[in-house]
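This is query.txt. It holds compact mmCIF, C-alpha atoms and all ligand atoms.
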# COMPACT_ATOMS: atom_id res chain seq x y z
CA MET A 148 37.42 177.73 55.97
CA ASP A 149 35.97 176.21 52.81
CA GLN A 150 38.39 175.50 50.02
CA LYS A 151 36.99 176.13 46.57
CA LEU A 152 39.03 174.54 43.83
CA VAL A 153 39.78 177.19 41.25
CA VAL A 154 39.71 175.79 37.74
CA VAL A 155 39.93 177.36 34.31
CA GLU A 156 37.33 175.05 32.87
CA LYS A 157 35.38 172.19 34.48
CA LYS A 158 36.23 169.22 32.29
CA ASP A 159 35.31 166.28 34.50
CA GLN A 160 32.50 167.34 36.81
CA ARG A 161 32.41 164.12 38.83
CA LEU A 162 36.15 164.14 39.46
CA TYR A 163 35.92 167.86 40.32
CA ASP A 164 33.15 167.17 42.87
CA ILE A 165 35.07 164.30 44.48
CA ALA A 166 38.30 166.34 44.62
CA GLU A 167 36.47 169.27 46.20
CA LYS A 168 34.81 167.08 48.85
CA LEU A 169 38.05 165.24 49.61
CA THR A 170 39.91 168.53 49.96
CA LYS A 171 37.24 169.79 52.37
CA HIS A 172 37.49 166.64 54.51
CA ILE A 173 41.30 166.85 54.65
CA HIS A 174 41.08 170.53 55.67
CA ASP A 175 38.50 169.68 58.34
CA VAL A 176 40.78 167.03 59.86
CA VAL A 177 43.82 169.34 59.78
CA ILE A 178 41.78 172.09 61.51
CA GLU A 179 40.12 169.80 64.06
CA TYR A 180 43.41 168.25 65.19
CA LYS A 181 45.58 171.32 64.58
CA VAL A 182 47.93 169.09 62.61
CA THR A 183 51.51 170.35 62.98
CA GLU A 184 53.99 170.88 60.15
CA GLU A 185 56.06 167.91 61.42
CA GLU A 186 52.98 165.67 61.46
CA TRP A 187 51.97 166.71 57.95
CA ILE A 188 55.50 166.09 56.61
CA SER A 189 55.53 162.64 58.24
CA ALA A 190 52.09 161.88 56.70
CA ILE A 191 53.49 162.79 53.27
CA GLU A 192 56.59 160.66 53.90
CA PHE A 193 54.34 157.76 54.93
CA LEU A 194 52.25 158.01 51.75
CA THR A 195 55.45 158.25 49.68
CA GLU A 196 56.75 155.05 51.29
CA VAL A 197 53.40 153.32 50.69
CA GLY A 198 53.88 154.11 47.00
CA VAL A 199 57.52 153.04 46.89
CA LYS A 200 56.60 149.71 48.54
CA ASN A 201 53.57 149.28 46.27
CA GLU A 202 51.20 149.10 49.24
CA TYR A 203 48.35 151.39 48.16
CA ILE A 204 45.99 148.44 47.67
CA LEU A 205 46.97 147.14 51.09
CA LEU A 206 46.35 150.56 52.63
CA SER A 207 42.97 150.73 50.88
CA ASP A 208 42.20 147.26 52.27
CA VAL A 209 43.03 148.03 55.89
CA MET A 210 41.11 151.33 55.74
CA GLY A 211 38.07 149.28 54.70
CA VAL A 212 37.75 151.18 51.41
CA SER A 213 38.28 148.15 49.14
CA VAL A 214 35.36 146.28 50.76
CA LEU A 215 33.18 149.41 50.74
CA VAL A 216 33.74 150.04 47.02
CA ASN A 217 33.08 146.35 46.31
CA ASP A 218 29.84 146.48 48.33
CA LEU A 219 28.61 149.52 46.43
CA ALA A 220 29.51 147.98 43.06
CA HIS A 221 27.47 144.84 43.79
CA HIS A 222 24.49 146.27 45.61
CA HIS A 223 21.49 144.89 43.79
CA ASP A 224 17.77 144.20 44.01
CA HIS A 225 18.06 140.50 44.72
CA GLU A 226 20.23 141.07 47.73
CA GLU A 227 18.45 138.59 49.99
CA HIS A 228 18.58 135.78 47.46
CA VAL A 229 22.04 135.90 45.96
CA THR A 230 25.43 135.20 47.47
CA ASP A 231 27.22 138.26 48.81
CA HIS A 232 30.20 139.46 46.83
CA ASN A 233 33.56 140.11 48.37
CA VAL A 234 36.94 141.44 47.30
CA GLU A 235 39.24 139.25 45.20
CA GLY A 236 42.39 140.05 47.15
CA PRO A 237 45.92 140.03 45.75
CA LEU A 238 46.57 136.27 45.67
CA TYR A 239 44.32 135.05 42.88
CA ARG A 240 46.06 133.18 40.07
CA ALA A 241 44.34 132.55 36.75
CA ASN A 242 44.48 129.16 35.01
CA ALA A 243 44.37 126.89 38.07
CA PRO A 244 43.97 123.21 37.09
CA LEU A 245 40.56 122.60 35.48
CA VAL A 246 38.96 119.53 37.09
CA LYS A 247 35.64 117.74 37.35
CA THR A 248 33.76 117.44 40.61
CA PRO A 249 34.53 115.83 43.09
CA ALA A 250 37.96 117.42 43.30
CA GLN A 251 40.91 117.55 45.68
CA LEU A 252 42.92 120.72 46.22
CA CYS A 253 46.13 119.23 47.62
CA THR A 254 48.08 115.97 47.81
CA ASP A 255 46.82 112.88 49.67
CA GLU A 256 49.83 113.25 51.91
CA ALA A 257 48.90 116.83 52.88
CA ILE A 258 45.39 115.70 53.76
CA LEU A 259 46.58 112.67 55.75
CA ASN A 260 49.10 114.78 57.66
CA SER A 261 46.67 117.61 58.31
CA GLU A 262 45.16 118.37 61.67
CA GLN A 263 41.74 118.70 60.14
CA PRO A 264 40.83 117.42 56.68
CA TYR A 265 38.05 119.44 55.11
CA VAL A 266 35.26 118.72 52.67
CA MET A 267 33.12 121.37 51.02
CA VAL A 268 30.05 120.50 48.97
CA GLY A 269 27.20 122.47 47.47
CA GLN A 270 25.52 123.68 44.35
CA VAL A 271 25.84 126.65 42.07
CA LEU A 272 22.32 127.95 41.59
CA SER A 273 20.48 130.69 39.77
CA VAL A 274 18.74 133.25 41.97
CA ASP A 275 15.49 131.34 41.29
CA GLY A 276 17.01 128.15 42.74
CA ASN A 277 17.66 126.32 39.45
CA PRO A 278 21.01 124.47 39.33
CA ILE A 279 23.70 125.72 36.95
CA PRO A 280 25.56 122.83 35.27
CA ASN A 281 29.09 123.36 33.89
CA ALA A 282 29.72 126.41 36.06
CA ILE A 283 33.38 126.89 36.96
CA VAL A 284 34.06 127.12 40.68
CA ASP A 285 37.50 128.71 40.83
CA VAL A 286 38.72 128.21 44.40
CA TRP A 287 41.94 129.30 46.15
CA GLN A 288 42.98 129.12 49.78
CA ALA A 289 45.93 129.24 52.17
CA ASP A 290 47.30 126.11 53.84
CA GLU A 291 46.88 125.31 57.53
CA LYS A 292 49.69 127.74 58.41
CA GLY A 293 47.99 130.56 56.49
CA ASP A 294 50.40 130.52 53.51
CA TYR A 295 49.39 130.67 49.83
CA GLU A 296 51.40 128.51 47.42
CA ASN A 297 52.68 131.45 45.35
CA GLU A 298 54.26 132.95 48.47
CA ASP A 299 55.61 129.69 49.87
CA PRO A 300 58.42 127.80 48.07
CA ASN A 301 57.57 124.63 50.07
CA GLN A 302 54.19 124.18 48.38
CA PRO A 303 53.71 122.63 44.93
CA GLU A 304 52.67 124.83 42.01
CA TYR A 305 48.91 125.63 42.16
CA ASN A 306 48.57 123.85 45.51
CA LEU A 307 45.16 124.52 47.08
CA ARG A 308 43.84 126.02 43.86
CA ALA A 309 41.48 124.51 41.29
CA ARG A 310 38.77 125.34 38.79
CA ILE A 311 36.04 122.79 39.48
CA GLU A 312 33.35 122.24 36.87
CA THR A 313 29.88 121.63 38.34
CA ASP A 314 27.97 118.50 37.31
CA ALA A 315 24.52 118.26 35.66
CA LYS A 316 22.87 119.22 38.95
CA GLY A 317 25.14 122.21 39.50
CA ARG A 318 27.02 120.39 42.24
CA TYR A 319 30.62 120.88 43.26
CA GLU A 320 32.61 119.03 45.89
CA PHE A 321 36.22 119.19 47.01
CA LYS A 322 38.53 117.73 49.63
CA SER A 323 41.15 119.95 51.19
CA VAL A 324 42.58 121.06 54.52
CA LEU A 325 41.18 123.81 56.71
CA PRO A 326 43.03 127.05 55.94
CA GLY A 327 44.72 129.04 58.67
CA GLY A 328 44.34 132.80 59.19
CA TYR A 329 47.25 135.06 58.28
CA GLU A 330 48.72 138.49 58.86
CA ILE A 331 48.85 140.90 55.93
CA GLY A 332 51.82 143.07 54.96
CA LYS A 333 53.21 143.39 58.47
CA GLY A 334 56.73 144.53 57.62
CA GLY A 335 55.99 147.56 55.41
CA PRO A 336 54.70 151.08 56.09
CA THR A 337 51.05 149.96 56.30
CA GLY A 338 51.87 147.30 58.90
CA LYS A 339 53.92 149.77 60.94
CA PHE A 340 51.05 152.27 60.77
CA LEU A 341 48.57 149.63 62.02
CA ASN A 342 50.91 148.72 64.84
CA ARG A 343 51.36 152.36 65.85
CA ILE A 344 47.61 152.94 66.17
CA GLY A 345 47.16 149.63 68.01
CA ARG A 346 45.48 147.58 65.30
CA HIS A 347 46.41 144.01 64.41
CA ALA A 348 46.98 142.78 60.85
CA TRP A 349 45.20 139.41 61.06
CA ARG A 350 42.72 138.10 58.56
CA PRO A 351 40.44 135.32 59.80
CA ALA A 352 40.72 131.98 57.97
CA HIS A 353 38.80 132.03 54.69
CA ILE A 354 38.51 130.43 51.26
CA HIS A 355 38.25 132.50 48.08
CA PHE A 356 35.89 131.77 45.19
CA LYS A 357 35.33 133.13 41.72
CA ILE A 358 32.36 131.51 40.02
CA VAL A 359 31.84 131.80 36.32
CA ALA A 360 28.85 130.48 34.37
CA GLU A 361 27.54 131.26 30.93
CA ASN A 362 24.72 133.84 30.99
CA PHE A 363 25.30 134.73 34.65
CA ASN A 364 27.19 137.56 36.31
CA GLU A 365 30.53 136.45 37.69
CA LEU A 366 30.60 136.06 41.46
CA THR A 367 33.79 136.76 43.40
CA THR A 368 33.56 136.14 47.11
CA MET A 369 35.18 134.48 50.11
CA VAL A 370 33.73 132.29 52.84
CA PHE A 371 34.91 132.24 56.44
CA ILE A 372 35.75 129.46 58.88
CA PRO A 373 33.61 129.95 62.01
CA ASN A 374 35.06 130.45 65.50
CA ASP A 375 38.26 131.98 64.16
CA PRO A 376 39.85 134.28 66.78
CA TRP A 377 39.86 137.15 64.25
CA ILE A 378 36.36 136.67 62.83
CA ASP A 379 35.07 139.81 64.59
CA SER A 380 38.06 142.01 63.77
CA ASP A 381 39.19 141.13 60.23
CA ALA A 382 42.02 143.55 59.31
CA ILE A 383 40.23 144.41 56.03
CA GLY A 384 36.65 144.27 57.37
CA ALA A 385 35.47 141.69 54.81
CA VAL A 386 33.45 139.36 57.07
CA LYS A 387 29.72 139.17 56.32
CA ASP A 388 27.40 136.91 58.35
CA SER A 389 26.04 135.26 55.19
CA LEU A 390 29.57 134.15 54.27
CA ILE A 391 30.43 132.41 57.56
CA LEU A 392 30.33 128.65 57.05
CA ASP A 393 28.42 126.17 59.15
CA LEU A 394 31.08 123.49 59.78
CA LYS A 395 30.23 120.05 61.10
CA GLN A 396 32.82 117.73 62.57
CA VAL A 397 32.48 114.13 61.43
CA ASP A 398 33.73 111.50 63.89
CA SER A 399 32.10 108.45 62.27
CA VAL A 400 34.80 106.06 61.01
CA SER A 401 32.64 104.85 58.10
CA GLU A 402 32.14 108.46 56.94
CA GLN A 403 35.89 109.07 57.28
CA GLN A 404 36.62 105.97 55.17
CA LYS A 405 34.12 107.12 52.55
CA TYR A 406 36.34 110.15 51.95
CA GLY A 407 39.62 108.24 52.40
CA PHE A 408 40.44 109.96 55.69
CA ASN A 409 42.02 108.38 58.77
CA LYS A 410 40.73 110.91 61.29
CA ALA A 411 37.83 113.19 62.12
CA PHE A 412 37.19 115.86 59.51
CA SER A 413 35.10 118.99 58.93
CA ILE A 414 32.41 119.20 56.31
CA THR A 415 30.21 122.03 55.17
CA GLU A 416 27.54 122.53 52.55
CA TYR A 417 27.37 125.93 50.90
CA ASN A 418 25.38 126.96 47.84
CA PHE A 419 26.36 129.88 45.63
CA LYS A 420 23.55 131.84 43.97
CA LEU A 421 24.27 133.86 40.84
CA ILE A 422 22.38 136.66 39.11
CA PRO A 423 21.39 136.08 35.45
CA GLU A 424 23.22 138.37 33.05
CA VAL A 425 21.15 141.21 31.64
CA ASN A 426 21.71 141.62 27.93
FE FE A 501 43.03 135.34 51.31

Whole structure, structure tokens version:
Amino acid sequence: MDQKLVVVEKKDQRLYDIAEKLTKHIHDVVIEYKVTEEEWISAIEFLTEVGVKNEYILLSDVMGVSVLVNDLAHHHDHEEHVTDHNVEGPLYRANAPLVKTPAQLCTDEAILNSEQPYVMVGQVLSVDGNPIPNAIVDVWQADEKGDYENEDPNQPEYNLRARIETDAKGRYEFKSVLPGGYEIGKGGPTGKFLNRIGRHAWRPAHIHFKIVAENFNELTTMVFIPNDPWIDSDAIGAVKDSLILDLKQVDSVSEQQKYGFNKAFSITEYNFKLIPEVN
């Protein structure tokens, strides 16, 4: 039973085509599962509640559509040589403190009290391998418990956020703590839906980046902490192999002292490669 959309005049052909295809897919599902009137009403009530609770982006995320649309938008010829894009997520804040490299994303006290201090170093490079000086590495992450500062009254303003300017060799470096994974939107309609179909709401631990440099396309991505229990089942399906960090644990006391740490820490080197802007 094919549904043709009857219109007086086709004004937006692309939107018409998408609406027609979507309608066909919805009809197919209703027919295949013989969806009952009660089920359809509860689906409509669910979507209404998603709107009331402002969870459509969250629903798009957990259905994997946000990552899919992002992938399609950034599919390009240099795929093997540039850093993979990823979704920005809802917790970015503009105007984080602008600092020179090497930087520190939290207080000395937070680092000293952490289970695992963390150092991340690398370069911002052009796709041809040339360093990009004065690039802005805008970084934001959750704390060890998986909380972002703007959702946690116990953290200082702009904690674990910074805009780090790369040096003449395109290098950036920062000290921080290893972020924890977190559950997304568990209490609302989307979380209840996930629970009902037997899916979890965990995101594996990650660090977000937005890298801006003159004459290059902006890169928004996130990198993942390896060996996270949720790395193979991210609730939003954002994990890409190229974005999983290679962490090394440093036990050497002299290395610890070099960074001002009093315990073993993790370090990783990760380079970001940007695509030159086409004018
Ligand atoms: Fe995040």

Contacts of A:Glu424 at 10 Å (only C-alpha atoms; same-chain gap of 6+ positions) as an MDAnalysis selection string: chainID A and resid 360:365

I'd like a table as CSV: residues in chain A with an atom no more than 9 Å from ligand FE 501 (chain A), each row giving the shortest atom pair and its distance in Å to one decimal, only C-alpha atoms and all ligand atoms counted, sorted by chain and rising residue number.
residue,atom,partner,partner_atom,distance
A:Glu235,CA,A:FE501,FE,8.2
A:Gly236,CA,A:FE501,FE,6.3
A:Pro237,CA,A:FE501,FE,7.8
A:Leu238,CA,A:FE501,FE,6.7
A:Tyr239,CA,A:FE501,FE,8.5
A:Trp287,CA,A:FE501,FE,8.0
A:Gln288,CA,A:FE501,FE,6.4
A:Ala289,CA,A:FE501,FE,6.8
A:Gly293,CA,A:FE501,FE,8.6
A:Tyr295,CA,A:FE501,FE,8.0
A:Gly328,CA,A:FE501,FE,8.4
A:Tyr329,CA,A:FE501,FE,8.2
A:Arg350,CA,A:FE501,FE,7.8
A:Pro351,CA,A:FE501,FE,8.9
A:Ala352,CA,A:FE501,FE,7.8
A:His353,CA,A:FE501,FE,6.3
A:Ile354,CA,A:FE501,FE,6.7
A:His355,CA,A:FE501,FE,6.4
A:Met369,CA,A:FE501,FE,8.0

Which distance in Å separates atom CA of A:Glu256 and atom CA of A:Arg310, to one decimal?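 Separation of atom CA of A:Glu256 and atom CA of A:Arg310: 21.0 Å.
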
Have a look at A:Lys200, A:His347, A:Lys292, A:Arg308 and name the one nearest to A:Gly327; count only C-alpha atoms. A:Lys292

Which of these, A:Gly269, A:Gly384, A:Pro244, A:Pro300, has the shortest distance to A:Thr313 once you count only C-alpha atoms? A:Gly269

Could you check the closest approach to A:Gln270 for each of A:Ile414, A:Leu341, A:Ile358, A:Ile422 and tell me which residue wins, using all atoms listed in the file?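 Using all atoms listed in the file, the shortest distance to A:Gln270 belongs to A:Ile358.
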
Answer as a ChimeraX atom specification, residues within 12 Å of (47.6, 121.7, 45.4) using only C-alpha atoms: /A:243-244,250-258,286-290,295-297,301-310,321-324
